[in-house]
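> Before we start, here is the structure in question, set down as structure tokens.
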Amino acid sequence: MPRGSIADHLLQAKAITPEQYEGAVYRLRAYGGRIEEHLLEMGVISEDDLLKNLAALHRTRYVGTEKLKKVNLDRSVLDRMPARVVEATGFFPILWDAEKRVLSVVTADPDNLEALNEVRAAGGARDVQPFVARPAAVKALISRWYHGDIHAFAALDTKSFQDLHQMMDVYERHLLDEGAMAAAVVDAKHRERTLTGADIERAGGRAGGAAGGRAEDASTVAVEDYLETLNVLVSLVENTRGELRGHSLVTARHVRMLGERIGLLPMELKAVTAAAYLHDLGKGSPFHLTSLNVAEWEGHRDAAMKRHLVPTRLFESVNLPAEAFKAISHMYERFDGGGFPDRLRGKDIPLGARLLSLCDVYADLTLNPRNPFRRTLSTGEAMSLLDRYRDTVFDGNLIDLLRIVVGGADIKQRILTGFRPILLVDDDPEQSTVLELRLMGRGFDVKVARSADAAIRLMVETDIDLVVTEVDLDPFDGFELMRRARGTPKTANLPFLFFTSRSSAEDVSRGFELGAADYVVKPSTTEVLVAKIRKIVDQQAAPRAGGVSGSLRELSLPDLVQVLSQGRKTGQLKVTAANNQVGEIHFVDGRIVNALFQKLYGEDAFHSMLRITEGAFALDPAFRPQSVTINAGTESLLLEGLRRVDEGV
């Protein structure tokens, strides 16, 4: 079955929505691979529901990844099929019925008759019985059983993260104390029953059955829940680290962006992201032990050699995926082989460790004013410095990729927020820390005041676009803070959003009577609050002069269009190709209304511009389109344009 028709079948079965269908097809055309994997990575369907639908379509049975991971195969079954045939066909042998001469296999393509015939002949079978499975799981089976890769399923392992809920309990019980946490997790033991091939036959779900799916769904959700909780908990642990507050959050974000750009499988990506959150826990050194500091100073190196295994020892009884352990344990290896603990060189260093090492240093250089240069560096300065250590301390290819990723991320944030400065006023550091970090993660420039008088000083001394404040403050409350701000020319029109635990009707009325832009009562979800903040800032602050500009190497034209569309932006996107051809795309509230390129206009111009991969762009947010020549939706325009590019139309 053609890969796109799988999505067609799911759409017809109402297992996915038309929007999810379009998103999956777009990813397939843009990145290749298997559409099943794109659907799973997007989170629009669970593995169980996907396989259940495919089993019904092919009139066969399905086997989930968790069962395949634990299967214990008879060597004689594997020996029936040469590795070259298994790899070429994607049909993995799982059972052999000698009496009936029936070979059972798992595959992502059970309707591939040519492959079925080749497998039948190679295996000496009278008949071949195919079970449908996830494509990545079939590849993992081949790697594990034919090539001896014992970690083949690590990137697909969902149970390991589910086991980590015990660590969250430890955090809560011991108030984030790392020593107590280590003592509490040491007794945790987890055992799994090993399945045989016969178990697969008995437990393999028929279409419409319920075998195994619920647990997979729950564990998939648990992965994201765990990472989000880890984000919050580690951020609170780091709240006392002074200049390093939020360091692990930023490191994890960059690791994740790099991993996504490289194309790591979802579970492998989550594993190295978890490693980035955990990499500094328990090291307790007066120095910040980044790989750059360790490479340059003997004192840092000595401290790191003593403490580099502390984070992994804290969690040695927790089933962290192997990739997370390897990333933390080998983050001080050097690309030239001069690091430790194993003096690994080049690509022998685990990829997760190379990612963590680089992103840890980049975050330190750009956020920590007490880094070796005693000031925070700009993105350009940090990248130039990292280039000095290319292929000695760091992987040079990853440096180049980081330059593209952080450049692209900066551009996205400038487009969406313009790095708008926000003042957060709250005397409770724990409650405000999470919000501060979330806003920073959305591209806002967040300044924090712990008292009302400190807030007044910041409003006068710095440029602020919005004040988000608690009402209960010292030495005077948030209402008085707003009243005093109205009496100063610079801050007279500064918008206020009250985010407070005071919920009485009298307090709410007073806030709005003073002219507050909004009044939000705690607790409220961060996403809701961020949406309100973004709306107020967009309404109150005029577009920044000059807009945003950059290189198409940092952010491709399709990605730019999606950012502007999702951000509901208005303006003119001017694109200059490497051969100096110039085009324009006009937006109104995120909708493309016109395009001009050479002698073309409208949809034809837009589709032609998608061929531009080298060049520069500039966004003018003050531009207001005067004509409408395009009525199609953004996703439809992109899909059709990419189809034309693929087909050379």
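Going through the structure tokens in order, the chains are called A, B, and so on, while each chain numbers its residues from 1 and the ligands are numbered from 1 in the order shown.
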Give me, as a Markdown table, each residue of region 440-508 of chain A that comes within 12 Å of region 516-529 of chain A, together with its shortest interatomic pair and the distance in Å at one decimal, counting only C-alpha atoms, with rows ordered by chain and rising residue number.

| residue | atom | partner | partner_atom | distance |
| --- | --- | --- | --- | --- |
| A:Gly441 | CA | A:Thr526 | CA | 11.9 |
| A:Arg442 | CA | A:Glu527 | CA | 10.5 |
| A:Leu466 | CA | A:Ala517 | CA | 9.5 |
| A:Val467 | CA | A:Ala516 | CA | 9.9 |
| A:Val468 | CA | A:Asp518 | CA | 9.6 |
| A:Thr469 | CA | A:Tyr519 | CA | 9.7 |
| A:Glu470 | CA | A:Lys522 | CA | 9.6 |
| A:Val471 | CA | A:Tyr519 | CA | 10.3 |
| A:Gly478 | CA | A:Ala516 | CA | 10.9 |
| A:Phe479 | CA | A:Ala516 | CA | 9.5 |
| A:Leu481 | CA | A:Ala516 | CA | 11.7 |
| A:Met482 | CA | A:Ala516 | CA | 8.4 |
| A:Arg483 | CA | A:Ala516 | CA | 10.5 |
| A:Ala485 | CA | A:Ala516 | CA | 11.9 |
| A:Arg486 | CA | A:Ala516 | CA | 11.2 |
| A:Asn493 | CA | A:Ala516 | CA | 10.5 |
| A:Leu494 | CA | A:Ala516 | CA | 9.6 |
| A:Pro495 | CA | A:Ala517 | CA | 6.0 |
| A:Phe496 | CA | A:Ala516 | CA | 5.1 |
| A:Leu497 | CA | A:Asp518 | CA | 4.9 |
| A:Phe498 | CA | A:Tyr519 | CA | 4.7 |
| A:Phe499 | CA | A:Val520 | CA | 4.9 |
| A:Thr500 | CA | A:Val521 | CA | 5.2 |
| A:Ser501 | CA | A:Lys522 | CA | 4.8 |
| A:Arg502 | CA | A:Val521 | CA | 6.7 |
| A:Ser503 | CA | A:Val521 | CA | 5.9 |
| A:Ser504 | CA | A:Val521 | CA | 9.5 |
| A:Ala505 | CA | A:Tyr519 | CA | 11.1 |
| A:Asp507 | CA | A:Tyr519 | CA | 9.4 |
| A:Val508 | CA | A:Tyr519 | CA | 6.6 |
> Please identify all polymer residues within 9 Å of region 282-297 of chain A, counting only C-alpha atoms, omitting same-chain residues fewer than 2 positions from it, and present them as a VMD selection string.
chain A and resid 178 to 179 244 279 to 280 299 to 304 306 to 311 314 331 to 334 338 to 339 357 to 358 360 to 361 364 371 to 372 386 389 393 to 394
> Only C-alpha atoms, please: the residues just picked out, written as a PDB file, in the first residue's frame.

ATOM      1  CA  GLU A 178      19.235  15.496  46.352  1.00  0.00           C
ATOM      2  CA  GLY A 179      20.877  13.432  49.087  1.00  0.00           C
ATOM      3  CA  LEU A 244      22.653  29.645  36.780  1.00  0.00           C
ATOM      4  CA  HIS A 279      23.264  16.635  34.070  1.00  0.00           C
ATOM      5  CA  ASP A 280      24.177  19.099  36.870  1.00  0.00           C
ATOM      6  CA  GLY A 299      40.762  22.753  38.887  1.00  0.00           C
ATOM      7  CA  HIS A 300      37.559  22.300  36.913  1.00  0.00           C
ATOM      8  CA  ARG A 301      38.900  19.084  35.402  1.00  0.00           C
ATOM      9  CA  ASP A 302      39.806  17.626  38.799  1.00  0.00           C
ATOM     10  CA  ALA A 303      36.377  18.487  40.206  1.00  0.00           C
ATOM     11  CA  ALA A 304      34.603  17.032  37.184  1.00  0.00           C
ATOM     12  CA  LYS A 306      35.434  13.330  40.918  1.00  0.00           C
ATOM     13  CA  ARG A 307      31.794  14.270  40.359  1.00  0.00           C
ATOM     14  CA  HIS A 308      30.849  13.482  36.759  1.00  0.00           C
ATOM     15  CA  LEU A 309      29.059  10.246  37.693  1.00  0.00           C
ATOM     16  CA  VAL A 310      27.033  11.743  40.566  1.00  0.00           C
ATOM     17  CA  PRO A 311      23.858  12.383  38.504  1.00  0.00           C
ATOM     18  CA  LEU A 314      21.503   9.366  41.996  1.00  0.00           C
ATOM     19  CA  MET A 331      29.664  14.620  28.446  1.00  0.00           C
ATOM     20  CA  TYR A 332      33.338  15.390  29.303  1.00  0.00           C
ATOM     21  CA  GLU A 333      34.820  13.350  26.472  1.00  0.00           C
ATOM     22  CA  ARG A 334      36.629  15.464  23.863  1.00  0.00           C
ATOM     23  CA  GLY A 338      41.615  13.927  25.178  1.00  0.00           C
ATOM     24  CA  GLY A 339      38.630  13.792  27.504  1.00  0.00           C
ATOM     25  CA  SER A 357      28.373  18.911  25.999  1.00  0.00           C
ATOM     26  CA  LEU A 358      27.864  21.543  23.297  1.00  0.00           C
ATOM     27  CA  ASP A 360      25.656  23.010  28.109  1.00  0.00           C
ATOM     28  CA  VAL A 361      28.524  25.310  27.091  1.00  0.00           C
ATOM     29  CA  ASP A 364      26.615  28.925  29.971  1.00  0.00           C
ATOM     30  CA  ASN A 371      31.139  32.339  32.791  1.00  0.00           C
ATOM     31  CA  PRO A 372      34.914  32.473  32.060  1.00  0.00           C
ATOM     32  CA  LEU A 386      32.837  27.534  19.982  1.00  0.00           C
ATOM     33  CA  TYR A 389      37.270  24.415  19.762  1.00  0.00           C
ATOM     34  CA  VAL A 393      36.575  19.690  22.293  1.00  0.00           C
ATOM     35  CA  PHE A 394      33.364  19.709  20.219  1.00  0.00           C
TER      36      PHE A 394
END
> Need to verify the contact set: region 629-637 of chain A, 6 Å, only C-alpha atoms, exclusion of same-chain residues closer than 2 positions in sequence. Can you return it as an MDAnalysis selection string?
chainID A and resid 593:594 602 639:641
> Can you pull out the residues contacting Asp395 (chain A)? Cut-off 12 Å, using only C-alpha atoms, and skip same-chain residues under 5 positions away; I want them as number ranges by chain.
A: 333-337, 345-359, 386-390, 400-402
> So, with only C-alpha atoms as the atoms that count, which of A:Val548, A:Val537, A:Leu10, A:Val588 lies closest to Gln566 (chain A)?
A:Val588
> When you look at Arg101 (chain A) with a cut-off of 12 Å (counting only C-alpha atoms), what residues show up, excluding the ones that are within fewer than 6 positions of it in the same chain? I need them as a compact mmCIF listing (two decimals) with N, CA and C atoms, in the first residue's frame.

# COMPACT_ATOMS: atom_id res chain seq x y z
N VAL A 77 14.60 -20.10 14.21
CA VAL A 77 13.66 -19.30 13.42
C VAL A 77 14.41 -18.22 12.65
N ARG A 80 16.38 -19.32 9.52
CA ARG A 80 15.64 -19.64 8.30
C ARG A 80 15.69 -18.49 7.30
N LEU A 95 7.91 -16.75 14.08
CA LEU A 95 7.48 -18.11 14.44
C LEU A 95 7.63 -19.03 13.24
N ARG A 120 8.86 -16.30 1.29
CA ARG A 120 8.40 -17.69 1.21
C ARG A 120 9.49 -18.57 0.61
N ALA A 121 10.12 -18.07 -0.46
CA ALA A 121 11.16 -18.86 -1.11
C ALA A 121 12.42 -18.97 -0.24
N GLY A 123 12.69 -18.71 2.99
CA GLY A 123 12.46 -19.45 4.23
C GLY A 123 12.01 -20.87 4.03
N GLY A 124 11.83 -21.30 2.77
CA GLY A 124 11.38 -22.66 2.50
C GLY A 124 10.01 -22.93 3.08
N ALA A 125 9.12 -21.94 3.04
CA ALA A 125 7.80 -22.05 3.66
C ALA A 125 6.73 -22.31 2.62
N ARG A 126 5.68 -23.05 3.03
CA ARG A 126 4.52 -23.23 2.17
C ARG A 126 3.66 -21.97 2.19
N ASP A 127 3.64 -21.31 3.34
CA ASP A 127 2.82 -20.10 3.47
C ASP A 127 3.52 -19.14 4.44
N VAL A 128 3.26 -17.84 4.28
CA VAL A 128 3.79 -16.82 5.17
C VAL A 128 2.62 -16.07 5.78
N GLN A 129 2.60 -15.99 7.12
CA GLN A 129 1.55 -15.29 7.85
C GLN A 129 2.10 -13.97 8.38
